[in-house]
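A.B. asks: The structure under discussion is supplied below as structure tokens; questions concerning it will follow.
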Amino acid sequence: MAQISLERITSIEAKKHELAEAMAAADLDPQDFVRLSKEYAEIEPVAEAAREVRRLRAERESLKEMTRDADEEMRAMAEEELAAIEKKLPDAERDLAVKLLPKDAADQRAAMLEVRAGTGGDEAALFAGDLLRMYQRYAELQGWKFELINASASDVGGYKEAVASINGSGVFAKLKFESGVHRVQRVPATESGGRIHTSAATVAVLPEAEEVDVQIEEKDLRIDVYRSSGPGGQSVNTTDSAVRITHLPTGIVVTQQDEKSQHKNKAKAMKVLRTRLYEHERAKVDAERSGARKSMVGSGDRSERIRTYNFPQGRVTDHRINLTLHKLEAILEGSGLEELVEALIGEDEAQRLAGLDEE
């Protein structure tokens, strides 16, 4: 890992001091104060990490001087302390390097979670339901707000597909590596022979878009209204309240029928459409920037098999980072998911740091 220069560290600390002084100005406009506060909140943890690196480096140099001391006892003490500093410094430098990595502009956003049953029929729908509950419980443990926007239940339980909105601090940063194919291996309740079946569900996590992020022209939309229906074609509404919106330039189609009001269904469908269009643009920019090269962890490819949940062995394996945890129940309950999330974030950081060294 390339070493961060003293000049870079000094400039970070100077920037923090400059922002603090600007915020203290008596004639500061309220809007400018909000902008400066945001900048200060972003640089403060970076400046703290920089200060720690500078402190440890200065201490190391001071102790090196002391190891040249003629007094044997003083020299021995300095060597012991120097060894401790030499152990601490690489971690502090890595922490600073990670904080200096370019941020994904969407990391602090809320996220739209989409879960769809894949191959495996009824069992896949039940597994999609398990995954949706896992993310809902994880969101609750994080103190986030989880709202089901649209769901198509299967006849046996679980979901053919479901869309949820998750609001809170740093939602997308934590959940973005969940996109892909999740595979389950278990004996279905309906299986009398006790044979293990393999089925799958697809997860997509998209950063939620605000109205200012995506301009949608009315002329680009085709809006159809129809009567809502429940599982098996059973009518659940006697009015044409369900909404299907087609975005003509991209061909993206969003349907919404959970609400009894056509107005509410249209508002929810537009929220989903905005998010999918925002992701569509992000994917295009990312592909251009990276020459369509995807990193092992962060590709977000919905066709990529990322994880296997094996019930007979009680284990979960994430194939991208070759991590196996024998705590399937805790993971599906949401409490055990954090270990996987942190490991994926750590691997992504390690890859990006290695990429900086190669440049």
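Following the order of the structure tokens, first chain is A, next is B, and so on, with residues numbered from 1 inside each chain and ligands from 1 in the order they appear.
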Need the shell around A:Thr308: protein/DNA/RNA residues with any atom at most 8 Å away, counting only C-alpha atoms. Skip same-chain ones fewer than 4 positions apart. Format as an NGL selection string?
C.D. replies: :A and (182-185 or 316-319)
A.B. asks: So that I can see what lies close to A:Tyr309, please list as a VMD selection string the residues with an atom at most 12 Å from it, counting only C-alpha atoms and leaving out residues fewer than 3 positions away in the same chain.
C.D. replies: chain A and resid 127 130 to 131 181 to 186 197 to 201 305 to 306 312 to 319 324 to 332
A.B. asks: DSSP on the backbone, then: every residue of stretch 1-230 of chain A marked alpha helix (DSSP H), written as a PyMOL selection string.
C.D. replies: chain A and resi 6-23+30-66+72-100+121-142+171-175
A.B. asks: May I have the residues within 10 Å of A:Glu349 as a list in words, using only C-alpha atoms and disregarding those fewer than 4 positions away in the same chain?
C.D. replies: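 Once the adjacent positions are removed, what remains is Arg94, Ala97, Val98, Lys99, Leu101, Val297, Ala343, Leu344, Ile345, Leu353, Ala354 and Gly355 of chain A.
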A.B. asks: Skipping near chain neighbours, those fewer than 2 positions away, what residues fall within 7 Å of stretch 110-114 of chain A using only C-alpha atoms, listed as a PDB file with all heavy atoms, in the first residue's frame?
C.D. replies:
```
ATOM      1  N   GLN A 108     -24.834   6.896   0.913  1.00  0.00           N
ATOM      2  CA  GLN A 108     -25.643   7.361   2.037  1.00  0.00           C
ATOM      3  C   GLN A 108     -27.143   7.351   1.744  1.00  0.00           C
ATOM      4  O   GLN A 108     -27.952   7.695   2.602  1.00  0.00           O
ATOM      5  CB  GLN A 108     -25.200   8.769   2.465  1.00  0.00           C
ATOM      6  CG  GLN A 108     -23.816   8.805   3.077  1.00  0.00           C
ATOM      7  CD  GLN A 108     -23.639   7.795   4.217  1.00  0.00           C
ATOM      8  OE1 GLN A 108     -24.430   7.756   5.153  1.00  0.00           O
ATOM      9  NE2 GLN A 108     -22.606   6.972   4.119  1.00  0.00           N
ATOM     10  N   ARG A 116     -37.009 -11.551  -6.109  1.00  0.00           N
ATOM     11  CA  ARG A 116     -37.843 -12.329  -7.039  1.00  0.00           C
ATOM     12  C   ARG A 116     -37.508 -13.808  -6.952  1.00  0.00           C
ATOM     13  O   ARG A 116     -36.334 -14.177  -6.908  1.00  0.00           O
ATOM     14  CB  ARG A 116     -37.629 -11.851  -8.477  1.00  0.00           C
ATOM     15  CG  ARG A 116     -38.191 -10.484  -8.736  1.00  0.00           C
ATOM     16  CD  ARG A 116     -38.017 -10.014 -10.178  1.00  0.00           C
ATOM     17  NE  ARG A 116     -38.705  -8.746 -10.362  1.00  0.00           N
ATOM     18  CZ  ARG A 116     -38.225  -7.575  -9.974  1.00  0.00           C
ATOM     19  NH1 ARG A 116     -37.033  -7.511  -9.397  1.00  0.00           N
ATOM     20  NH2 ARG A 116     -38.920  -6.471 -10.154  1.00  0.00           N
ATOM     21  N   ALA A 162     -41.268  -9.193  -4.709  1.00  0.00           N
ATOM     22  CA  ALA A 162     -41.596  -8.170  -3.711  1.00  0.00           C
ATOM     23  C   ALA A 162     -40.621  -7.015  -3.850  1.00  0.00           C
ATOM     24  O   ALA A 162     -39.436  -7.216  -4.151  1.00  0.00           O
ATOM     25  CB  ALA A 162     -41.521  -8.755  -2.310  1.00  0.00           C
ATOM     26  N   VAL A 163     -41.124  -5.806  -3.638  1.00  0.00           N
ATOM     27  CA  VAL A 163     -40.299  -4.597  -3.696  1.00  0.00           C
ATOM     28  C   VAL A 163     -40.497  -3.842  -2.388  1.00  0.00           C
ATOM     29  O   VAL A 163     -41.631  -3.642  -1.947  1.00  0.00           O
ATOM     30  CB  VAL A 163     -40.695  -3.689  -4.888  1.00  0.00           C
ATOM     31  CG1 VAL A 163     -39.841  -2.422  -4.907  1.00  0.00           C
ATOM     32  CG2 VAL A 163     -40.561  -4.437  -6.205  1.00  0.00           C
ATOM     33  N   ALA A 164     -39.397  -3.451  -1.749  1.00  0.00           N
ATOM     34  CA  ALA A 164     -39.469  -2.709  -0.486  1.00  0.00           C
ATOM     35  C   ALA A 164     -38.562  -1.495  -0.542  1.00  0.00           C
ATOM     36  O   ALA A 164     -37.537  -1.493  -1.243  1.00  0.00           O
ATOM     37  CB  ALA A 164     -39.071  -3.609   0.677  1.00  0.00           C
ATOM     38  N   SER A 165     -38.935  -0.471   0.210  1.00  0.00           N
ATOM     39  CA  SER A 165     -38.111   0.734   0.346  1.00  0.00           C
ATOM     40  C   SER A 165     -37.495   0.708   1.739  1.00  0.00           C
ATOM     41  O   SER A 165     -38.200   0.477   2.728  1.00  0.00           O
ATOM     42  CB  SER A 165     -38.992   1.979   0.167  1.00  0.00           C
ATOM     43  OG  SER A 165     -38.261   3.146   0.487  1.00  0.00           O
ATOM     44  N   ILE A 166     -36.165   0.903   1.824  1.00  0.00           N
ATOM     45  CA  ILE A 166     -35.479   0.894   3.120  1.00  0.00           C
ATOM     46  C   ILE A 166     -34.817   2.251   3.315  1.00  0.00           C
ATOM     47  O   ILE A 166     -33.958   2.654   2.530  1.00  0.00           O
ATOM     48  CB  ILE A 166     -34.430  -0.234   3.195  1.00  0.00           C
ATOM     49  CG1 ILE A 166     -35.067  -1.585   2.837  1.00  0.00           C
ATOM     50  CG2 ILE A 166     -33.818  -0.300   4.596  1.00  0.00           C
ATOM     51  CD1 ILE A 166     -34.096  -2.752   2.790  1.00  0.00           C
ATOM     52  N   ASN A 167     -35.257   2.952   4.363  1.00  0.00           N
ATOM     53  CA  ASN A 167     -34.756   4.303   4.632  1.00  0.00           C
ATOM     54  C   ASN A 167     -33.913   4.345   5.895  1.00  0.00           C
ATOM     55  O   ASN A 167     -34.271   3.729   6.898  1.00  0.00           O
ATOM     56  CB  ASN A 167     -35.935   5.268   4.800  1.00  0.00           C
ATOM     57  CG  ASN A 167     -36.402   5.795   3.454  1.00  0.00           C
ATOM     58  OD1 ASN A 167     -35.818   6.708   2.903  1.00  0.00           O
ATOM     59  ND2 ASN A 167     -37.445   5.175   2.927  1.00  0.00           N
ATOM     60  N   GLY A 168     -32.821   5.099   5.846  1.00  0.00           N
ATOM     61  CA  GLY A 168     -31.955   5.243   7.009  1.00  0.00           C
ATOM     62  C   GLY A 168     -30.592   5.738   6.560  1.00  0.00           C
ATOM     63  O   GLY A 168     -30.371   6.004   5.378  1.00  0.00           O
ATOM     64  N   VAL A 171     -27.832   3.166   4.062  1.00  0.00           N
ATOM     65  CA  VAL A 171     -28.494   1.897   3.704  1.00  0.00           C
ATOM     66  C   VAL A 171     -27.833   1.262   2.479  1.00  0.00           C
ATOM     67  O   VAL A 171     -27.452   0.090   2.489  1.00  0.00           O
ATOM     68  CB  VAL A 171     -30.009   2.105   3.438  1.00  0.00           C
ATOM     69  CG1 VAL A 171     -30.644   0.822   2.922  1.00  0.00           C
ATOM     70  CG2 VAL A 171     -30.711   2.555   4.707  1.00  0.00           C
ATOM     71  N   PHE A 172     -27.671   2.052   1.399  1.00  0.00           N
ATOM     72  CA  PHE A 172     -27.139   1.479   0.163  1.00  0.00           C
ATOM     73  C   PHE A 172     -25.706   0.989   0.346  1.00  0.00           C
ATOM     74  O   PHE A 172     -25.319  -0.056  -0.185  1.00  0.00           O
ATOM     75  CB  PHE A 172     -27.213   2.494  -0.983  1.00  0.00           C
ATOM     76  CG  PHE A 172     -26.782   1.926  -2.306  1.00  0.00           C
ATOM     77  CD1 PHE A 172     -27.521   0.930  -2.919  1.00  0.00           C
ATOM     78  CD2 PHE A 172     -25.616   2.354  -2.929  1.00  0.00           C
ATOM     79  CE1 PHE A 172     -27.115   0.374  -4.136  1.00  0.00           C
ATOM     80  CE2 PHE A 172     -25.199   1.819  -4.141  1.00  0.00           C
ATOM     81  CZ  PHE A 172     -25.953   0.820  -4.739  1.00  0.00           C
ATOM     82  N   VAL A 203     -31.931 -11.113  -6.007  1.00  0.00           N
ATOM     83  CA  VAL A 203     -32.029  -9.893  -5.201  1.00  0.00           C
ATOM     84  C   VAL A 203     -31.405  -8.745  -5.988  1.00  0.00           C
ATOM     85  O   VAL A 203     -30.355  -8.912  -6.611  1.00  0.00           O
ATOM     86  CB  VAL A 203     -31.298 -10.066  -3.844  1.00  0.00           C
ATOM     87  CG1 VAL A 203     -31.217  -8.735  -3.095  1.00  0.00           C
ATOM     88  CG2 VAL A 203     -32.009 -11.113  -2.979  1.00  0.00           C
ATOM     89  N   ALA A 204     -32.077  -7.604  -5.974  1.00  0.00           N
ATOM     90  CA  ALA A 204     -31.493  -6.385  -6.544  1.00  0.00           C
ATOM     91  C   ALA A 204     -31.628  -5.278  -5.512  1.00  0.00           C
ATOM     92  O   ALA A 204     -32.693  -5.099  -4.925  1.00  0.00           O
ATOM     93  CB  ALA A 204     -32.200  -6.000  -7.838  1.00  0.00           C
ATOM     94  N   VAL A 205     -30.541  -4.567  -5.254  1.00  0.00           N
ATOM     95  CA  VAL A 205     -30.557  -3.430  -4.328  1.00  0.00           C
ATOM     96  C   VAL A 205     -30.153  -2.187  -5.126  1.00  0.00           C
ATOM     97  O   VAL A 205     -29.057  -2.133  -5.669  1.00  0.00           O
ATOM     98  CB  VAL A 205     -29.592  -3.641  -3.141  1.00  0.00           C
ATOM     99  CG1 VAL A 205     -29.614  -2.422  -2.220  1.00  0.00           C
ATOM    100  CG2 VAL A 205     -29.962  -4.900  -2.356  1.00  0.00           C
ATOM    101  N   LEU A 206     -31.070  -1.229  -5.205  1.00  0.00           N
ATOM    102  CA  LEU A 206     -30.832  -0.021  -6.004  1.00  0.00           C
ATOM    103  C   LEU A 206     -30.886   1.206  -5.102  1.00  0.00           C
ATOM    104  O   LEU A 206     -31.733   1.288  -4.216  1.00  0.00           O
ATOM    105  CB  LEU A 206     -31.918   0.120  -7.084  1.00  0.00           C
ATOM    106  CG  LEU A 206     -32.290  -1.135  -7.881  1.00  0.00           C
ATOM    107  CD1 LEU A 206     -33.446  -0.818  -8.824  1.00  0.00           C
ATOM    108  CD2 LEU A 206     -31.102  -1.647  -8.675  1.00  0.00           C
ATOM    109  N   PRO A 207     -29.999   2.173  -5.341  1.00  0.00           N
ATOM    110  CA  PRO A 207     -30.073   3.416  -4.545  1.00  0.00           C
ATOM    111  C   PRO A 207     -31.332   4.183  -4.928  1.00  0.00           C
ATOM    112  O   PRO A 207     -31.620   4.338  -6.112  1.00  0.00           O
ATOM    113  CB  PRO A 207     -28.806   4.177  -4.940  1.00  0.00           C
ATOM    114  CG  PRO A 207     -28.440   3.646  -6.280  1.00  0.00           C
ATOM    115  CD  PRO A 207     -28.923   2.232  -6.349  1.00  0.00           C
ATOM    116  N   GLU A 208     -32.080   4.629  -3.937  1.00  0.00           N
ATOM    117  CA  GLU A 208     -33.320   5.351  -4.231  1.00  0.00           C
ATOM    118  C   GLU A 208     -33.018   6.709  -4.824  1.00  0.00           C
ATOM    119  O   GLU A 208     -32.107   7.411  -4.391  1.00  0.00           O
ATOM    120  CB  GLU A 208     -34.175   5.508  -2.970  1.00  0.00           C
ATOM    121  CG  GLU A 208     -35.176   4.380  -2.838  1.00  0.00           C
ATOM    122  CD  GLU A 208     -36.267   4.660  -1.811  1.00  0.00           C
ATOM    123  OE1 GLU A 208     -36.562   5.840  -1.526  1.00  0.00           O
ATOM    124  OE2 GLU A 208     -36.808   3.685  -1.283  1.00  0.00           O
TER     125      GLU A 208
END
```
A.B. asks: Taking only C-alpha atoms into account, which of A:Val115, A:Leu248, A:Ile12, A:Leu126 comes nearest A:Asp220?
C.D. replies: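 Checking each of A:Val115, A:Leu248, A:Ile12, A:Leu126 against A:Asp220, counting only C-alpha atoms, the winner is A:Leu248.
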A.B. asks: Compare A:Val34, A:Leu132, A:Leu96, A:Ile223 by their minimum atom-to-atom distance to A:Ala151, counting only C-alpha atoms, and give me the closest one.
C.D. replies: A:Leu132
A.B. asks: For A:Asp258, work out the shell of residues within 9 Å, counting only C-alpha atoms and skipping chain neighbours fewer than 5 positions away, then give it as a list of chain:residue names.
C.D. replies: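 Counting only the stated atoms, we get A:Ile149, A:Asn150, A:Ala151, A:Ser228, A:Ala242, A:Asn265.
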A.B. asks: Counting only C-alpha atoms, which of A:Ala20, A:Gln257, A:Asp107, A:Leu100 gets nearest to A:Ala49?
C.D. replies: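 Comparing A:Ala20, A:Gln257, A:Asp107, A:Leu100 against A:Ala49, the winner is A:Leu100.
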A.B. asks: Write out as a CSV table (one decimal) with N, CA, C and O atoms, in the first residue's frame the residues lying within 8 Å of A:Ile43, counting only C-alpha atoms and excluding same-chain residues fewer than 3 positions away.
C.D. replies:
```csv
chain,number,residue,atom,x,y,z
A,12,ILE,N,-5.1,17.9,4.7
A,12,ILE,CA,-6.4,17.4,5.2
A,12,ILE,C,-6.8,18.1,6.5
A,12,ILE,O,-7.9,18.6,6.7
A,15,LYS,N,-7.7,21.7,5.9
A,15,LYS,CA,-9.0,21.8,5.3
A,15,LYS,C,-10.1,21.8,6.4
A,15,LYS,O,-11.0,22.6,6.4
A,16,LYS,N,-9.9,20.9,7.4
A,16,LYS,CA,-10.8,20.8,8.5
A,16,LYS,C,-10.8,22.1,9.3
A,16,LYS,O,-11.9,22.6,9.6
A,39,GLU,N,-19.8,19.3,4.6
A,39,GLU,CA,-18.4,19.1,4.2
A,39,GLU,C,-17.6,18.8,5.4
A,39,GLU,O,-16.7,18.0,5.4
A,40,TYR,N,-17.8,19.5,6.5
A,40,TYR,CA,-17.1,19.3,7.8
A,40,TYR,C,-17.3,17.9,8.3
A,40,TYR,O,-16.4,17.2,8.7
A,46,VAL,N,-11.8,11.8,8.5
A,46,VAL,CA,-10.6,11.7,7.7
A,46,VAL,C,-9.4,12.4,8.4
A,46,VAL,O,-8.3,11.9,8.5
A,47,ALA,N,-9.8,13.6,8.9
A,47,ALA,CA,-8.8,14.4,9.6
A,47,ALA,C,-8.3,13.8,10.9
A,47,ALA,O,-7.1,13.8,11.2
```
A.B. asks: What lies within 9 Å of A:Met66 using only C-alpha atoms, ignoring chain neighbours under 5 positions off, as a VMD selection string?
C.D. replies: chain A and resid 61 74 to 75 77 to 79
A.B. asks: Which one is closest to A:Lys160: A:Ala117, A:Ala173, A:Ala124, A:Leu273? Count only C-alpha atoms.
C.D. replies: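 Answer, going by the shortest atom-to-atom distance: A:Ala117.
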A.B. asks: Could you work out how far atom CA of A:Val341 lies from atom CA of A:Gly143, giving the answer in Å with one decimal?
C.D. replies: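 Computing the Euclidean distance for atom CA of A:Gly143 and atom CA of A:Val341 yields 15.9 Å.
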